[in-house]
2 protein chains.
Amino acid sequence: MRMADAHTAERSQERDRAPTLGEQVYDRLRADIINGTLAAGQPLRLVALRARYGAGFSPLREALSRLRSERLVMLEEQKGFRVAPVSIAEMWDAIETRVLIESDALRRSIERGDEAWEVGIVARFHALSSRAARYAAQGVQLGPDELQELEARHHAFHSALISAAGSAWLTEFAEQLSVQTERYRYPLLNGATAGGQRDLHAEHQQLMELSLARRADEAVAHLAEHYRRTGKLIEHHFAERAERAA
Amino acid sequence: MRMADAHTAERSQERDRAPTLGEQVYDRLRADIINGTLAAGQPLRLVALRARYGAGFSPLREALSRLRSERLVMLEEQKGFRVAPVSIAEMWDAIETRVLIESDALRRSIERGDEAWEVGIVARFHALSSRAARYAAQGVQLGPDELQELEARHHAFHSALISAAGSAWLTEFAEQLSVQTERYRYPLLNGATAGGQRDLHAEHQQLMELSLARRADEAVAHLAEHYRRTGKLIEHHFAERAERAA
DNA sequence: TAAACACAATCTTTCGAAATTACTACGCCG
DNA sequence: CGGCGTAGTAATTTCGAAAGATTGTGTTTA
């Protein structure tokens, strides 16, 4: 499986080769909301979307309806769709729920994971850290494509950790929450210097090693700490931006 | 809030008085899948649905797309929608995930719940048990409307227990899993005598009392046991039906 | 001046026809 | 008799037009 396709391939229930137009629109809309191209709260006018994505009303509404179920867009009847708003409170809700879900999923994976699970984690870890190192060496400011690639690998690593949980629902919920938190991480990555304030590489490495060593309690504690630390960083970042605005 | 509207009102993000056609179709389709009117695995032909629900393709596809996100229908590209299949394995996945989610949500509710929370639980408990008693006294076989009403109250009771968790995501996931397990409970209720093999009233009462007494550990254990017992019953019921078929 | 109303503009929602794709049955050929 | 293409049928998918709802503006009226 190619790295960049990891999350989309994982989400779609089945696919051979003919991605229907509605599916493409869904993917693009989803990405544009997550990375902030479509800003939070912004109204989504159908005619504008039709021009932007080159699709008729039907596939657009279909995609937006799905996105609504994932809480990425909201709908006010007869008044149309808009990008779901963001707030620090909702971010913490997503993070804490994610901690609950992924803690259990990680515990189960550590208990049940076989060699393929271990290999997957190691592979993804190296894919992530090598790319991150390359970007860090390369300079400070990252373009949107590089950011997207990095985020894809980050996601793939965390997804690999819990991939042996053996529960479709746990995996599904983890995926949904991961997408949510990604929305909050993007402005952080855009503003700050790449990985400057924090040794993410070390955090990920320790998380991997604890998991592979089957030290469940420590791994879970580390995972929770990892996510909460990100939350605090985002919180500070938002507070700074709010001050600067005033 | 009226009892019968509890779950729909809770799900819809906003509503005043004009339920759009797509929304109605969504609700009806959802109910028909849950109660088995549309059997598991059955293909959902658009023209047939158009005749049945009196709606055009657009609102139908929109509703089906949302239902897809909730894993109530599946989509094979260019081959259409079908009702999501059921299996004992998936039932247990849903139940165990539900135990995880609702255990945490109940714990939080017990910690944070105020008087309104307590009142809500008591009210719903009485609404449920009085109706159940009436039906039990009335006879054995329940019609589809009575079944639906009973299930609505059952759902309202369990929903009230965890209503003070203060997490939108926890509530959302609990709702989704509740719907899933409801699919499995319906054939059980249709076949068996109403509440014969099991004192559900006592189980619910004890669950309520432990929660109101803020005895979190015991309440959570009782809740898990409550759900798992249902799972075992369904498992037996399915095994019997499989034998009888052979 | 302010409230009430009508009207126009804008946007959502819904519909059914058109295009595209999958399925089936039949006949042809090896 | 069996494999294979091939037309014909059925179903999904997509599109744009028509219908319905909301918002804003300007005009009238008390």
# chains A, B, ... in the order shown; residues from 1 in each chain; ligands from 1
>>> select_by_dssp(residues="range 113-178 of chain A", states="helix (DSSP H, G or I)", output="ChimeraX atom specification")
/A:115-138,144-161,168-178
>>> write_last_selection(atoms="C-alpha atoms", output="PDB file, in the first residue's frame")
ATOM      1  CA  GLU A 115       4.989  -9.773  13.513  1.00  0.00           C
ATOM      2  CA  ALA A 116       3.225  -7.976  10.681  1.00  0.00           C
ATOM      3  CA  TRP A 117       2.027  -5.451  13.232  1.00  0.00           C
ATOM      4  CA  GLU A 118       5.551  -4.862  14.484  1.00  0.00           C
ATOM      5  CA  VAL A 119       6.926  -4.539  10.981  1.00  0.00           C
ATOM      6  CA  GLY A 120       4.225  -2.047  10.087  1.00  0.00           C
ATOM      7  CA  ILE A 121       5.044   0.164  13.027  1.00  0.00           C
ATOM      8  CA  VAL A 122       8.774   0.157  12.349  1.00  0.00           C
ATOM      9  CA  ALA A 123       8.265   0.850   8.657  1.00  0.00           C
ATOM     10  CA  ARG A 124       5.941   3.742   9.291  1.00  0.00           C
ATOM     11  CA  PHE A 125       8.147   5.164  11.977  1.00  0.00           C
ATOM     12  CA  HIS A 126      11.084   5.320   9.612  1.00  0.00           C
ATOM     13  CA  ALA A 127       8.997   6.701   6.798  1.00  0.00           C
ATOM     14  CA  LEU A 128       7.832   9.447   9.129  1.00  0.00           C
ATOM     15  CA  SER A 129      11.091  10.363  10.791  1.00  0.00           C
ATOM     16  CA  SER A 130      13.224  10.264   7.670  1.00  0.00           C
ATOM     17  CA  ARG A 131      10.865  12.586   5.863  1.00  0.00           C
ATOM     18  CA  ALA A 132      10.556  14.839   8.883  1.00  0.00           C
ATOM     19  CA  ALA A 133      14.338  14.989   9.187  1.00  0.00           C
ATOM     20  CA  ARG A 134      14.712  15.821   5.541  1.00  0.00           C
ATOM     21  CA  TYR A 135      12.266  18.667   5.817  1.00  0.00           C
ATOM     22  CA  ALA A 136      13.802  19.943   9.038  1.00  0.00           C
ATOM     23  CA  ALA A 137      17.247  19.991   7.436  1.00  0.00           C
ATOM     24  CA  GLN A 138      15.888  21.581   4.316  1.00  0.00           C
ATOM     25  CA  PRO A 144       1.222  22.744   1.591  1.00  0.00           C
ATOM     26  CA  ASP A 145       2.126  19.580  -0.289  1.00  0.00           C
ATOM     27  CA  GLU A 146       5.034  18.819   2.000  1.00  0.00           C
ATOM     28  CA  LEU A 147       2.837  19.475   5.001  1.00  0.00           C
ATOM     29  CA  GLN A 148       0.198  17.131   3.670  1.00  0.00           C
ATOM     30  CA  GLU A 149       2.753  14.428   3.033  1.00  0.00           C
ATOM     31  CA  LEU A 150       4.156  14.775   6.526  1.00  0.00           C
ATOM     32  CA  GLU A 151       0.716  14.638   8.067  1.00  0.00           C
ATOM     33  CA  ALA A 152      -0.110  11.538   6.030  1.00  0.00           C
ATOM     34  CA  ARG A 153       2.945   9.770   7.417  1.00  0.00           C
ATOM     35  CA  HIS A 154       2.222  10.938  10.921  1.00  0.00           C
ATOM     36  CA  HIS A 155      -1.252   9.569  10.629  1.00  0.00           C
ATOM     37  CA  ALA A 156       0.020   6.317   9.157  1.00  0.00           C
ATOM     38  CA  PHE A 157       2.347   5.805  12.103  1.00  0.00           C
ATOM     39  CA  HIS A 158      -0.306   6.298  14.756  1.00  0.00           C
ATOM     40  CA  SER A 159      -2.705   4.194  12.766  1.00  0.00           C
ATOM     41  CA  ALA A 160      -0.178   1.367  12.587  1.00  0.00           C
ATOM     42  CA  LEU A 161       0.219   1.358  16.355  1.00  0.00           C
ATOM     43  CA  ALA A 168     -13.643  -2.237  13.273  1.00  0.00           C
ATOM     44  CA  TRP A 169     -15.498   0.233  15.450  1.00  0.00           C
ATOM     45  CA  LEU A 170     -12.492   1.213  17.480  1.00  0.00           C
ATOM     46  CA  THR A 171     -10.537   1.748  14.282  1.00  0.00           C
ATOM     47  CA  GLU A 172     -13.346   3.769  12.768  1.00  0.00           C
ATOM     48  CA  PHE A 173     -13.691   6.044  15.775  1.00  0.00           C
ATOM     49  CA  ALA A 174      -9.949   6.526  16.048  1.00  0.00           C
ATOM     50  CA  GLU A 175      -9.893   7.531  12.408  1.00  0.00           C
ATOM     51  CA  GLN A 176     -12.687  10.055  12.866  1.00  0.00           C
ATOM     52  CA  LEU A 177     -11.032  11.640  15.861  1.00  0.00           C
ATOM     53  CA  SER A 178      -7.683  11.707  14.147  1.00  0.00           C
TER      54      SER A 178
END
>>> interface_residues(of="chain D", to="chain B", cutoff="8 Å", atoms="only C-alpha atoms (C1' of nucleotides)", output="ChimeraX atom specification")
/D:11-13
>>> write_last_selection(atoms="C-alpha atoms (C1' of nucleotides)", output="PDB file, in the first residue's frame")
ATOM      1  C1'  DA D  11     -29.474   0.048 -12.717  1.00  0.00           C
ATOM      2  C1'  DT D  12     -26.359   3.670 -11.064  1.00  0.00           C
ATOM      3  C1'  DT D  13     -24.485   8.168 -11.520  1.00  0.00           C
TER       4       DT D  13
END
>>> residues_around(residues="DT23 in chain D", least_positions_apart="5", cutoff="10 Å", atoms="only C-alpha atoms (C1' of nucleotides)", output="number ranges by chain")
C: 9-11
>>> interface_residues(of="chain B", to="chain A", cutoff="9 Å", atoms="only C-alpha atoms", output="ChimeraX atom specification")
/B:13-15,18-20,57-59,61-70,74-78,90,93-94,97,100-101,104,166-170,173,177
>>> select_by_dssp(residues="range 33-206 of chain B", states="strand (DSSP E)", output="PDB file with C-alpha atoms, in the first residue's frame")
ATOM      1  CA  PRO B  43     -30.050  -4.465  -2.268  1.00  0.00           C
ATOM      2  CA  LEU B  44     -31.583  -1.010  -2.207  1.00  0.00           C
ATOM      3  CA  VAL B  73     -25.813   0.639   4.433  1.00  0.00           C
ATOM      4  CA  MET B  74     -22.932  -0.290   2.179  1.00  0.00           C
ATOM      5  CA  LEU B  75     -22.052   1.011  -1.256  1.00  0.00           C
ATOM      6  CA  GLU B  76     -20.448  -0.804  -4.124  1.00  0.00           C
ATOM      7  CA  GLY B  80     -25.600   0.566  -5.786  1.00  0.00           C
ATOM      8  CA  PHE B  81     -26.464   0.522  -2.126  1.00  0.00           C
ATOM      9  CA  ARG B  82     -27.437  -2.416   0.030  1.00  0.00           C
ATOM     10  CA  VAL B  83     -28.388  -2.838   3.660  1.00  0.00           C
TER      11      VAL B  83
END
>>> residues_around(residues="DT27 in chain D", least_positions_apart="5", cutoff="12 Å", atoms="only C-alpha atoms (C1' of nucleotides)", output="list in words")
DA4, DC5, DA6 and DC7 of chain C
>>> write_last_selection(atoms="C-alpha atoms (C1' of nucleotides)", output="PDB file, in the first residue's frame")
ATOM      1  C1'  DA C   4     -45.551  46.711   7.462  1.00  0.00           C
ATOM      2  C1'  DC C   5     -45.568  44.978   3.171  1.00  0.00           C
ATOM      3  C1'  DA C   6     -44.346  43.701  -1.482  1.00  0.00           C
ATOM      4  C1'  DC C   7     -40.838  42.407  -4.572  1.00  0.00           C
TER       5       DC C   7
END
>>> atom_distance(atom1="CA of Phe238 in chain B", atom2="CA of Ala31 in chain B")
21.7 Å
>>> residues_around(residues="DG27 in chain C", least_positions_apart="3", cutoff="12 Å", atoms="only C-alpha atoms (C1' of nucleotides)", output="list in words")
DC4, DG5, DT6 and DA7 of chain D
>>> write_last_selection(atoms="N, CA and C atoms (P, O5', C5', C4', C3', O3' and C1' of nucleotides)", output="PDB file, in the first residue's frame")
ATOM      1  P    DC D   4     -12.794 -18.099 -23.148  1.00  0.00           P
ATOM      2  O5'  DC D   4     -13.524 -17.187 -24.224  1.00  0.00           O
ATOM      3  C5'  DC D   4     -13.683 -17.643 -25.580  1.00  0.00           C
ATOM      4  C4'  DC D   4     -14.427 -16.589 -26.359  1.00  0.00           C
ATOM      5  C3'  DC D   4     -14.445 -15.213 -25.688  1.00  0.00           C
ATOM      6  O3'  DC D   4     -14.253 -14.205 -26.651  1.00  0.00           O
ATOM      7  C1'  DC D   4     -16.650 -15.921 -26.072  1.00  0.00           C
ATOM      8  P    DG D   5     -13.603 -12.816 -26.278  1.00  0.00           P
ATOM      9  O5'  DG D   5     -14.561 -11.775 -27.018  1.00  0.00           O
ATOM     10  C5'  DG D   5     -14.611 -11.743 -28.434  1.00  0.00           C
ATOM     11  C4'  DG D   5     -16.041 -11.700 -28.910  1.00  0.00           C
ATOM     12  C3'  DG D   5     -16.708 -10.315 -28.853  1.00  0.00           C
ATOM     13  O3'  DG D   5     -17.341 -10.085 -30.088  1.00  0.00           O
ATOM     14  C1'  DG D   5     -18.096 -11.909 -27.840  1.00  0.00           C
ATOM     15  P    DT D   6     -17.645  -8.594 -30.608  1.00  0.00           P
ATOM     16  O5'  DT D   6     -19.147  -8.670 -31.119  1.00  0.00           O
ATOM     17  C5'  DT D   6     -19.926  -9.843 -30.831  1.00  0.00           C
ATOM     18  C4'  DT D   6     -21.330  -9.406 -30.478  1.00  0.00           C
ATOM     19  C3'  DT D   6     -21.495  -7.897 -30.232  1.00  0.00           C
ATOM     20  O3'  DT D   6     -22.718  -7.458 -30.779  1.00  0.00           O
ATOM     21  C1'  DT D   6     -22.231  -9.057 -28.353  1.00  0.00           C
ATOM     22  P    DA D   7     -22.860  -5.971 -31.386  1.00  0.00           P
ATOM     23  O5'  DA D   7     -24.385  -5.599 -31.074  1.00  0.00           O
ATOM     24  C5'  DA D   7     -25.424  -6.339 -31.721  1.00  0.00           C
ATOM     25  C4'  DA D   7     -26.460  -6.767 -30.702  1.00  0.00           C
ATOM     26  C3'  DA D   7     -27.376  -5.650 -30.207  1.00  0.00           C
ATOM     27  O3'  DA D   7     -28.721  -6.093 -30.300  1.00  0.00           O
ATOM     28  C1'  DA D   7     -26.460  -6.807 -28.375  1.00  0.00           C
TER      29       DA D   7
END
>>> closest_atom_pairs(of="chain C", to="chain B", cutoff="7 Å", atoms="only C-alpha atoms (C1' of nucleotides)", output="tab-separated table")
residue	atom	partner	partner_atom	distance
C:DT14	C1'	B:Gly56	CA	6.8
C:DC15	C1'	B:Gly56	CA	5.9
C:DT21	C1'	B:Gln78	CA	6.6
>>> write_last_selection(atoms="N, CA and C atoms (P, O5', C5', C4', C3', O3' and C1' of nucleotides)", output="short mmCIF file (atom, residue, chain, number, x, y, z; two decimals), in the first residue's frame")
data_model
loop_
_atom_site.label_atom_id
_atom_site.label_comp_id
_atom_site.auth_asym_id
_atom_site.auth_seq_id
_atom_site.Cartn_x
_atom_site.Cartn_y
_atom_site.Cartn_z
P DT C 14 -35.28 18.28 -0.16
"O5'" DT C 14 -35.85 18.03 -1.62
"C5'" DT C 14 -37.00 18.75 -2.05
"C4'" DT C 14 -37.23 18.53 -3.54
"C3'" DT C 14 -37.18 17.06 -3.98
"O3'" DT C 14 -38.45 16.73 -4.53
"C1'" DT C 14 -35.95 18.47 -5.46
P DC C 15 -38.78 15.21 -4.87
"O5'" DC C 15 -38.73 15.23 -6.46
"C5'" DC C 15 -39.49 16.22 -7.15
"C4'" DC C 15 -39.04 16.31 -8.59
"C3'" DC C 15 -38.95 14.98 -9.31
"O3'" DC C 15 -39.94 14.93 -10.32
"C1'" DC C 15 -37.00 16.34 -9.72
P DT C 21 -18.27 5.09 -18.06
"O5'" DT C 21 -18.79 3.82 -17.25
"C5'" DT C 21 -19.27 3.99 -15.92
"C4'" DT C 21 -20.09 2.78 -15.52
"C3'" DT C 21 -19.44 1.42 -15.82
"O3'" DT C 21 -19.26 0.74 -14.60
"C1'" DT C 21 -21.73 1.46 -16.45
#
>>> residues_around(residues="DT24 in chain C", least_positions_apart="2", cutoff="10 Å", atoms="only C-alpha atoms (C1' of nucleotides)", output="list in words")
DA22 and DC26 of chain C; DG8, DT9 and DA10 of chain D
>>> residues_around(residues="range 232-235 of chain B", least_positions_apart="2", cutoff="9 Å", atoms="only C-alpha atoms (C1' of nucleotides)", output="PyMOL selection string")
chain B and resi 88+184-185+187-188+227-230+237-240
>>> atom_distance(atom1="CA of Ile34 in chain A", atom2="CA of Gln180 in chain B")
28.1 Å
